[in-house]
Amino acid sequence: MNYWLVKSDPETYGWKELLKDKKTDWTGVRNYSARIHLKGMKLGDDVLFYHSNEGKSVVGITKVSKEFFQDPTTEDVAWVAVELTVKKELNNPVTLLAMKRKKELLNIGLIKIGRLSVMPLTKSEFDLIVELGS
């Protein structure tokens with residue numbers, strides 16, 4: 001199993017919408033590195049859901065319910081999407097500031113490459129963030 005973090009602006013599509021929808025296609029990614037990560041996501045992988053801009057915190061856990069496919073928001077076959085399904089809401093949002101205070105998390109993409117919308121995590125990084133949110 002692999003572990004990931006995806007970012008979304010809550011005013012565009014947030015955790016509340018995903019809770020209501022139960023699942024969503026993760027579309028509209030137009031960054032080459034993020035596209036590589038989307039292609040690396042496998043069925044059942046755990047994915048942290050991060051609110052960017054407003055809130056700046058991890059708010060829930062999703063899982064990959066469908067591996068990469070042609071992004072329906074573009075005709076360009078180079079761009080892909082995955083389907084994510086709700087797994088669990090965190091009891092407490094884990095803020096970017098809280099993550100920056102943990103030396104074990106200083107190398108995650110969220111901190112080192114702030115604009116990347118899809119990024120891998122190690123199991124220990126994923127587990128620590130989930131623990132902080134318990």
# chains A, B, ... in the order shown; residues from 1 in each chain; ligands from 1
$ select_by_dssp --residues "range 2-121 of chain A" --states "helix (DSSP H, G or I)" --output "PyMOL selection string"
chain A and resi 10-13+15-21+32-40+96-100+103-105+109-112
$ residues_around --residues "Leu43 in chain A" --least-positions-apart "5" --cutoff "9 Å" --atoms "only C-alpha atoms" --output "compact mmCIF listing (two decimals) with C-alpha atoms, in the first residue's frame"
# COMPACT_ATOMS: atom_id res chain seq x y z
CA MET A 1 0.00 0.00 0.00
CA LYS A 63 -8.90 5.91 -0.31
CA VAL A 64 -8.29 5.31 -3.99
CA SER A 65 -11.40 3.55 -5.30
CA LYS A 66 -10.47 3.72 -8.99
CA GLU A 67 -6.99 3.93 -10.46
$ atom_distance --atom1 "CA of Ser33 in chain A" --atom2 "CA of Leu116 in chain A"
7.7 Å
$ atom_distance --atom1 "CA of Tyr13 in chain A" --atom2 "CA of Val59 in chain A"
12.9 Å
$ closest_residue --among "A:Met119, A:Leu132, A:Leu110, A:Leu96" --to "Met41 in chain A" --atoms "only C-alpha atoms"
A:Met119
$ residues_around --residues "Thr73 in chain A" --least-positions-apart "5" --cutoff "12 Å" --atoms "only C-alpha atoms" --output "list in words"
Asp25, Trp26, Thr27, Gly28, Val29, Arg30, Ala78, Trp79, Val80 and Ala81 of chain A
$ write_last_selection --atoms "N, CA and C atoms" --output "CSV table (one decimal), in the first residue's frame"
chain,number,residue,atom,x,y,z
A,25,ASP,N,-14.3,12.1,-8.4
A,25,ASP,CA,-13.2,12.0,-9.3
A,25,ASP,C,-12.2,13.2,-9.0
A,26,TRP,N,-10.9,12.9,-8.8
A,26,TRP,CA,-9.9,13.9,-8.5
A,26,TRP,C,-9.4,14.4,-9.9
A,27,THR,N,-10.0,15.5,-10.4
A,27,THR,CA,-9.8,16.0,-11.7
A,27,THR,C,-9.1,17.3,-11.7
A,28,GLY,N,-8.7,17.8,-12.8
A,28,GLY,CA,-8.2,19.2,-13.0
A,28,GLY,C,-6.7,19.4,-12.6
A,29,VAL,N,-6.0,18.3,-12.4
A,29,VAL,CA,-4.6,18.4,-12.0
A,29,VAL,C,-3.8,18.6,-13.3
A,30,ARG,N,-3.1,19.7,-13.3
A,30,ARG,CA,-2.3,20.1,-14.5
A,30,ARG,C,-0.8,20.4,-14.2
A,78,ALA,N,-3.2,13.3,-22.1
A,78,ALA,CA,-2.1,13.3,-21.2
A,78,ALA,C,-2.5,13.4,-19.8
A,79,TRP,N,-3.6,14.0,-19.5
A,79,TRP,CA,-4.0,14.3,-18.1
A,79,TRP,C,-4.9,13.3,-17.6
A,80,VAL,N,-4.7,12.9,-16.3
A,80,VAL,CA,-5.5,11.8,-15.7
A,80,VAL,C,-6.1,12.2,-14.4
A,81,ALA,N,-7.0,11.4,-13.9
A,81,ALA,CA,-7.7,11.6,-12.7
A,81,ALA,C,-7.8,10.2,-12.0
$ select_by_dssp --residues "range 4-126 of chain A" --states "strand (DSSP E or B)" --output "count of residues only"
49
$ residues_around --residues "Glu11 in chain A" --least-positions-apart "2" --cutoff "12 Å" --atoms "only C-alpha atoms" --output "PyMOL selection string"
chain A and resi 8-9+13-17+51-55
$ closest_residue --among "A:Thr24, A:Asn31, A:Thr85, A:Thr95" --to "Lys56 in chain A" --atoms "only C-alpha atoms"
A:Thr95
$ residues_around --residues "Ser124 in chain A" --least-positions-apart "5" --cutoff "12 Å" --atoms "only C-alpha atoms" --output "count of residues only"
9
$ closest_residue --among "A:Pro10, A:Gly44, A:Pro72, A:Gly109" --to "Leu84 in chain A" --atoms "only C-alpha atoms"
A:Gly44
$ closest_residue --among "A:Glu125, A:Glu75, A:Glu83, A:Asp46" --to "Met99 in chain A" --atoms "only C-alpha atoms"
A:Glu125
$ closest_residue --among "A:Ile36, A:Leu106, A:Leu128, A:Val47" --to "Lys87 in chain A" --atoms "only C-alpha atoms"
A:Val47
